[in-house]
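K.L.:
Take a look at the following structure, please.
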Number of protein chains: 6
Amino acid sequence: MGTVVTTIDRASADTVNAFGEIGVATVHEAQGRTGLMASYMRPVWKGVRVAGSAVTVSLPPGDNWMIHVAVEQCRDGDVMVVAPTSPCEDGYFGDLLAGSCMARGIRALIIDAGVRDTADLTSMKFPVWSKAIYSQGTVKETLGDVNLPLVCAGALVNPGDVIVADEDGVVVVPRASADKVLKASRDREANEASKRKRLNAGELGLDIYSMRERLKEKGLVYVDRLPAK
Amino acid sequence: MGTVVTTIDRASADTVNAFGEIGVATVHEAQGRTGLMASYMRPVWKGVRVAGSAVTVSLPPGDNWMIHVAVEQCRDGDVMVVAPTSPCEDGYFGDLLAGSCMARGIRALIIDAGVRDTADLTSMKFPVWSKAIYSQGTVKETLGDVNLPLVCAGALVNPGDVIVADEDGVVVVPRASADKVLKASRDREANEASKRKRLNAGELGLDIYSMRERLKEKGLVYVDRLPAK
Amino acid sequence: MGTVVTTIDRASADTVNAFGEIGVATVHEAQGRTGLMASYMRPVWKGVRVAGSAVTVSLPPGDNWMIHVAVEQCRDGDVMVVAPTSPCEDGYFGDLLAGSCMARGIRALIIDAGVRDTADLTSMKFPVWSKAIYSQGTVKETLGDVNLPLVCAGALVNPGDVIVADEDGVVVVPRASADKVLKASRDREANEASKRKRLNAGELGLDIYSMRERLKEKGLVYVDRLPAK
Amino acid sequence: MGTVVTTIDRASADTVNAFGEIGVATVHEAQGRTGLMASYMRPVWKGVRVAGSAVTVSLPPGDNWMIHVAVEQCRDGDVMVVAPTSPCEDGYFGDLLAGSCMARGIRALIIDAGVRDTADLTSMKFPVWSKAIYSQGTVKETLGDVNLPLVCAGALVNPGDVIVADEDGVVVVPRASADKVLKASRDREANEASKRKRLNAGELGLDIYSMRERLKEKGLVYVDRLPAK
Amino acid sequence: MGTVVTTIDRASADTVNAFGEIGVATVHEAQGRTGLMASYMRPVWKGVRVAGSAVTVSLPPGDNWMIHVAVEQCRDGDVMVVAPTSPCEDGYFGDLLAGSCMARGIRALIIDAGVRDTADLTSMKFPVWSKAIYSQGTVKETLGDVNLPLVCAGALVNPGDVIVADEDGVVVVPRASADKVLKASRDREANEASKRKRLNAGELGLDIYSMRERLKEKGLVYVDRLPAK
Amino acid sequence: MGTVVTTIDRASADTVNAFGEIGVATVHEAQGRTGLMASYMRPVWKGVRVAGSAVTVSLPPGDNWMIHVAVEQCRDGDVMVVAPTSPCEDGYFGDLLAGSCMARGIRALIIDAGVRDTADLTSMKFPVWSKAIYSQGTVKETLGDVNLPLVCAGALVNPGDVIVADEDGVVVVPRASADKVLKASRDREANEASKRKRLNAGELGLDIYSMRERLKEKGLVYVDRLPAK
């Protein structure tokens, strides 16, 4: 404990920004259904989608000191990813830190813990995904780490990975595969667009995806009515 | 596993539609405080009340194949009720399936699991009540059943039962008793209307419901102040 | 069980009302990080902050009789604080009781259980913080207590304590220390205002709070890059 | 609420007793992976397997009156299945009721709630599967139902169904299919015995179940080492 | 934060010790169904019942420093009651502290958090009731309080209160009412003994408690068989 | 999905085996309080400590096919570490697979999901740490991965890492640092032995660890009695 890595590699700004137009579900599918954080990670307010480069913060339960340290390590376009070393819902982050983050160009906070001042976070339009909303105060006594790999809400995050978050939750794209996943995401979107049109027009998925034959092989049986017991 | 029942009995359209104007709490009371799904079933978006006939879907954890099968079995005015065979929060349903459902006249999805593309579901105005919001993808490998009785979020649902859902949650009305419950619901609403007026005017429930005598019999004691410890 | 205390001491109206302009997180900090209810206490609707004097209600699981008893004990400016004697999410409270409370001048309900008719509660603008939203009906058979001390969502509440609630949750201020906590809250707000300005302008918390020296003493190490594994 | 059905059909004693020698997992598989109660249903003490005919009890949260009513409806070889009408962990059942049940020949209690006096239940050797261990007392004020169908821990139970419980949990076998499921369970056990011998001797499931070909078709790839990142 | 009260009043040793022979459920009933800690408080090992005088410890999440401070404040016959200021499952306590406690005559630990070295705690026969078993280490950086009132697992504990714990959980008896509750507990035990004998002999609770008349008044209906649907 | 890595590096047998004599809490401390799995990972039976080399298995919810694939990749002294791609409590593993594992020399199963046949697992003495005990059956339809890095119960596991498990839970030691952590663990044990002796003899931690001065600096205050409120 107590290490700050000051230089990390990020994906290109173009790549990162392009993820800002793609939904979390699409990205997750495009990289082989990996990288999702747990379903308890919810947006404090809705109506925004964010993509940025991860600056990771590991800190103790009930101690937010390292968030102050981490702000300095962030630059425009980053997303701060915070995980306590054991489960904790304390309110590590509020409107003052949000102002500091916004001044630094930080795009969002992803925290596997609690936040507070949520009415302010909403009016300031600073995007936050958290495990809890809780006013419980924290101390500044114990060190943690900035920009070491960590597990946040069940997902491995390396510093510089691309974080994409929307109303569905949060997904992590490893930096090294960001371009490949971006392309796969766009391909998936294009493919879905044609499917969407047909489904909206009333065609059945059973036909569009040619499922009938395989369902029959698996043994699916259609009966008119249930026999009386 | 692997049975689709193609013909089910539904309550009359008039009956079903009439439930669309009554709150879940009222319906639940009117049928003797039965039929409620668990409190974790929450609307993806608020501001809508739905009533429809249940088409039931039982499927495995992490496998949404049977939803495609079930869409074909639905008709205008139905509500799809989906329950996995063991607890699962995966994202079984998203905007593509919602489009397919809307084309079919399906009024809502009730799912004891997760959904995704929730920003789209909201803008499409397709009503969904779910246990979770989660992007986790599903496969299409294992059969389940359509239109067999199932337990969804703790409530027994038979195909063709009336499903009523609003911001308070979801309640199931057995088809056979739908007309009786509808009448009882309306009676309750009428009765509540007169009570509401008096309560809003400042009369106490203690007096309106004549509770004072019975409270006294049970032993309720009024004291001016707590004695010092 | 079965005691109603009819006379309780409250903080002055000026003091109570002044808390209505201060956030829960600030109050919690100002009184030494005490008095918070659990993070699961969430507002039924957002956009309101409330402060009032606690009237406490202890009642059995699944039985809301004592709420009717308690309404009579409330006066303008009170907040009703309800806790079941064992964990329960039933819908103890709905639109009828809300109308009764509003007629009485009750400012909010804080309940470590469930409520229902939440669309109505929202349109009536009656503020409620609850553990759950659940239509499950309750009975009126068993007595409880009004205006005895109780534990609600993990926080001790004495009758007449000041309750402050906003989107972050609920905090309890002991009546005897209300004035002192009010002053400390205002001091804290004033102090935060100057900090906020500097943080928003891009100054770092590390510098504003003079953290660098102490971090160094604790052993914080900055490295350029992680060594290859 | 408030109905006691006094005559129910049970499976034959031979059939019921035969289930007492078969594990819950086997029975669950033998009836097509249905009928399991939730994983939170745990034995108060271990080392016993029970099978019996269900007498069902639906009762309110925090009120155990109907258990006394239900004891009279039980006969030798029955299992009492208790579910509250909304989630509750109160201690509905203790050593006095256990003594009463044992005098009646009741084989076990299955309760989707709490029990108490667990040291006594253990020394008396009365088998109990419950959601919780909790001393919280209950009242006797409100009616419920005996021998109506109910949902207990997520499983539908009709009076007279066969209940099988062991250290793995609890499974419900519909009365009408009890003989068929018993036979299928025994067949499964016989089949497993031969497999167990081979597996214990070191043969691989991959070979015993001829999985290699199908895994290959699905696309499973063996690589010597992970490529360096 | 940061206060240690060195002198507290305790109930007499005779009274405290007498509680060691009475079950938690009985004590809870004898004091009007109050004082129970939450059902998640479980013994690390079974087969022991403990009664002692509470020494209370409030401390931060992830910081066990105050336990060392508290040991000095304990004397023979005490029970240490520990609650973090926000929910935490870290392993605050292990075999070294247990040895220290035993040397001091401390009878048990009650902790609304986690413990570790549980195999050692078991072989040392030091009784512990905890929320979790978890090896996660804690720091020694932040002060808390010893012998101030606190809420532990939902129950209010004042220093010097009598703590009774067994396999069913933990109950708090206020010091001032300890003698009265002790007497009521013994009366209850005596009363139960006669009831137990009759129940074990096959008499029904319906008759022993004369319930039939009241059930009838409430409207309980016996029917031979359910009508076919 | 669908990759099996057949060659992994393991720590030396001597190193791995040496960890079998050290407690999880000690190992966790010795590597800087890292590597712990979540507190919900509990042993199916108690009284055993295990250390072995991780073979990792990632598989879908409700599908245990890859466990059969993984058995072949294990060798004497390995521990199988299984994590589903989304939360699932199904019973992936029972007595047949346990027999297969034991024939292969596999020392234990660590699974972030459910297991069944737990009475058999206990009598066979095959050690298992799991999230749940649940009979729910699984299918064999969808591929996963063997020997890729994964997150299990919140901890990152690379194939070949050392897994240590006891009654306190499960900790992961990265292969590369195994020797260093082993030495640090032994040093810690030696250091604790001397402390244990003094604590057991009644010396206070306050003195042994020289805490009094630092507590005073932090502001700890001793008062004789609480002032009356």
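Numbering starts fresh at 1 for the residues of each chain in the structure tokens, the chains themselves are lettered A, B, ... in the order given, and ligands are numbered from 1 as they appear.
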Using only C-alpha atoms, I'd like every residue of chain E that has an atom within 7 Å of chain A; please write them out as a ChimeraX atom specification.
P.N.:
/E:61-62,87-88,141
K.L.:
Please produce a file of the residues just selected, as a PDB file, in the first residue's frame, where the atoms kept are C-alpha atoms.
P.N.:
```
ATOM      1  CA  PRO E  61     -14.847   0.611   9.520  1.00  0.00           C
ATOM      2  CA  GLY E  62     -11.602  -1.274   9.005  1.00  0.00           C
ATOM      3  CA  PRO E  87     -21.443  -1.441   8.023  1.00  0.00           C
ATOM      4  CA  CYS E  88     -18.193  -3.415   7.735  1.00  0.00           C
ATOM      5  CA  GLU E 141      -5.246   4.881  12.891  1.00  0.00           C
TER       6      GLU E 141
END
```
K.L.:
I'd like the neighbourhood of segment 149-164 of chain C as an NGL selection string, where a residue qualifies if any of its atoms comes within 6 Å (using only C-alpha atoms), though same-chain residues fewer than 4 positions away should be ignored.
P.N.:
(:C and (9-10 or 35 or 37-38 or 50-56 or 83 or 112 or 170-175)) or (:E and (154))
K.L.:
Could you write out that same residue set with N, CA, C and O atoms as a PDB file, in the first residue's frame?
P.N.:
```pdb
ATOM      1  N   ASP C   9     -41.038  17.020  24.255  1.00  0.00           N
ATOM      2  CA  ASP C   9     -40.355  18.294  24.034  1.00  0.00           C
ATOM      3  C   ASP C   9     -39.807  18.313  22.618  1.00  0.00           C
ATOM      4  O   ASP C   9     -39.291  17.305  22.124  1.00  0.00           O
ATOM      5  N   ARG C  10     -39.921  19.467  22.010  1.00  0.00           N
ATOM      6  CA  ARG C  10     -39.382  19.629  20.668  1.00  0.00           C
ATOM      7  C   ARG C  10     -38.354  20.771  20.674  1.00  0.00           C
ATOM      8  O   ARG C  10     -38.391  21.627  21.555  1.00  0.00           O
ATOM      9  N   GLY C  35     -25.511   9.607  13.865  1.00  0.00           N
ATOM     10  CA  GLY C  35     -26.940   9.820  13.674  1.00  0.00           C
ATOM     11  C   GLY C  35     -27.522   9.436  12.333  1.00  0.00           C
ATOM     12  O   GLY C  35     -28.708   9.613  12.115  1.00  0.00           O
ATOM     13  N   MET C  37     -29.181   7.229   9.429  1.00  0.00           N
ATOM     14  CA  MET C  37     -29.897   5.976   9.183  1.00  0.00           C
ATOM     15  C   MET C  37     -29.192   5.206   8.053  1.00  0.00           C
ATOM     16  O   MET C  37     -28.369   5.752   7.325  1.00  0.00           O
ATOM     17  N   ALA C  38     -29.530   3.929   7.944  1.00  0.00           N
ATOM     18  CA  ALA C  38     -28.881   3.053   6.966  1.00  0.00           C
ATOM     19  C   ALA C  38     -29.090   3.544   5.536  1.00  0.00           C
ATOM     20  O   ALA C  38     -30.064   4.235   5.228  1.00  0.00           O
ATOM     21  N   VAL C  50     -36.280  17.955   3.900  1.00  0.00           N
ATOM     22  CA  VAL C  50     -37.242  18.140   4.973  1.00  0.00           C
ATOM     23  C   VAL C  50     -36.531  18.155   6.327  1.00  0.00           C
ATOM     24  O   VAL C  50     -35.568  17.413   6.528  1.00  0.00           O
ATOM     25  N   ALA C  51     -37.002  19.006   7.229  1.00  0.00           N
ATOM     26  CA  ALA C  51     -36.591  18.935   8.632  1.00  0.00           C
ATOM     27  C   ALA C  51     -37.834  19.058   9.500  1.00  0.00           C
ATOM     28  O   ALA C  51     -38.731  19.852   9.192  1.00  0.00           O
ATOM     29  N   GLY C  52     -37.884  18.263  10.569  1.00  0.00           N
ATOM     30  CA  GLY C  52     -39.038  18.315  11.465  1.00  0.00           C
ATOM     31  C   GLY C  52     -38.727  17.609  12.772  1.00  0.00           C
ATOM     32  O   GLY C  52     -37.651  17.021  12.933  1.00  0.00           O
ATOM     33  N   SER C  53     -39.696  17.643  13.679  1.00  0.00           N
ATOM     34  CA  SER C  53     -39.528  17.024  14.996  1.00  0.00           C
ATOM     35  C   SER C  53     -40.091  15.613  14.980  1.00  0.00           C
ATOM     36  O   SER C  53     -41.223  15.393  14.539  1.00  0.00           O
ATOM     37  N   ALA C  54     -39.323  14.679  15.532  1.00  0.00           N
ATOM     38  CA  ALA C  54     -39.712  13.271  15.452  1.00  0.00           C
ATOM     39  C   ALA C  54     -40.856  12.917  16.387  1.00  0.00           C
ATOM     40  O   ALA C  54     -40.785  13.174  17.593  1.00  0.00           O
ATOM     41  N   VAL C  55     -41.897  12.318  15.830  1.00  0.00           N
ATOM     42  CA  VAL C  55     -42.872  11.553  16.610  1.00  0.00           C
ATOM     43  C   VAL C  55     -42.599  10.098  16.268  1.00  0.00           C
ATOM     44  O   VAL C  55     -42.654   9.717  15.087  1.00  0.00           O
ATOM     45  N   THR C  56     -42.274   9.285  17.266  1.00  0.00           N
ATOM     46  CA  THR C  56     -41.820   7.925  16.984  1.00  0.00           C
ATOM     47  C   THR C  56     -42.951   6.911  17.128  1.00  0.00           C
ATOM     48  O   THR C  56     -43.807   7.025  17.993  1.00  0.00           O
ATOM     49  N   ALA C  83     -40.843   2.439  12.923  1.00  0.00           N
ATOM     50  CA  ALA C  83     -39.975   1.258  12.829  1.00  0.00           C
ATOM     51  C   ALA C  83     -40.722   0.031  13.329  1.00  0.00           C
ATOM     52  O   ALA C  83     -41.279   0.042  14.419  1.00  0.00           O
ATOM     53  N   ASP C 112     -38.925   2.494   8.325  1.00  0.00           N
ATOM     54  CA  ASP C 112     -38.004   1.382   8.095  1.00  0.00           C
ATOM     55  C   ASP C 112     -38.819   0.155   7.670  1.00  0.00           C
ATOM     56  O   ASP C 112     -38.770  -0.902   8.291  1.00  0.00           O
ATOM     57  N   VAL C 170     -31.238  10.057   5.592  1.00  0.00           N
ATOM     58  CA  VAL C 170     -31.880  10.612   6.782  1.00  0.00           C
ATOM     59  C   VAL C 170     -30.883  10.664   7.938  1.00  0.00           C
ATOM     60  O   VAL C 170     -30.164   9.688   8.179  1.00  0.00           O
ATOM     61  N   VAL C 171     -30.873  11.792   8.656  1.00  0.00           N
ATOM     62  CA  VAL C 171     -30.013  11.916   9.832  1.00  0.00           C
ATOM     63  C   VAL C 171     -30.836  12.413  11.016  1.00  0.00           C
ATOM     64  O   VAL C 171     -31.789  13.178  10.842  1.00  0.00           O
ATOM     65  N   VAL C 172     -30.456  11.946  12.214  1.00  0.00           N
ATOM     66  CA  VAL C 172     -31.157  12.295  13.447  1.00  0.00           C
ATOM     67  C   VAL C 172     -30.270  13.223  14.278  1.00  0.00           C
ATOM     68  O   VAL C 172     -29.123  12.873  14.574  1.00  0.00           O
ATOM     69  N   VAL C 173     -30.828  14.384  14.685  1.00  0.00           N
ATOM     70  CA  VAL C 173     -30.100  15.296  15.562  1.00  0.00           C
ATOM     71  C   VAL C 173     -30.792  15.282  16.931  1.00  0.00           C
ATOM     72  O   VAL C 173     -31.961  15.649  17.027  1.00  0.00           O
ATOM     73  N   PRO C 174     -30.072  14.869  17.990  1.00  0.00           N
ATOM     74  CA  PRO C 174     -30.693  14.875  19.323  1.00  0.00           C
ATOM     75  C   PRO C 174     -31.193  16.284  19.651  1.00  0.00           C
ATOM     76  O   PRO C 174     -30.491  17.276  19.405  1.00  0.00           O
ATOM     77  N   ARG C 175     -32.379  16.329  20.214  1.00  0.00           N
ATOM     78  CA  ARG C 175     -33.001  17.619  20.506  1.00  0.00           C
ATOM     79  C   ARG C 175     -32.087  18.521  21.331  1.00  0.00           C
ATOM     80  O   ARG C 175     -31.947  19.722  21.041  1.00  0.00           O
TER      81      ARG C 175
ATOM     82  N   GLY E 154     -28.754  -3.346  15.391  1.00  0.00           N
ATOM     83  CA  GLY E 154     -30.141  -2.904  15.533  1.00  0.00           C
ATOM     84  C   GLY E 154     -30.633  -2.769  16.959  1.00  0.00           C
ATOM     85  O   GLY E 154     -31.763  -2.343  17.179  1.00  0.00           O
TER      86      GLY E 154
END
```
K.L.:
Mind pulling up the distance from atom CA of Arg104 of chain A to atom CA of Gly202 of chain C?
P.N.:
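Computed distance, atom CA of Gly202 of chain C to atom CA of Arg104 of chain A, equals 6.5 Å.
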K.L.:
So which residues touch Gly77 of chain D within 8 Å, counting only C-alpha atoms, skipping near sequence neighbours fewer than 2 positions away, as a list in words?
P.N.:
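Once the nearby chain positions are removed, what remains is Ala13, Gly52, Ser53, Arg75, Val79, Gly105, Ile106 and Arg107 of chain D.
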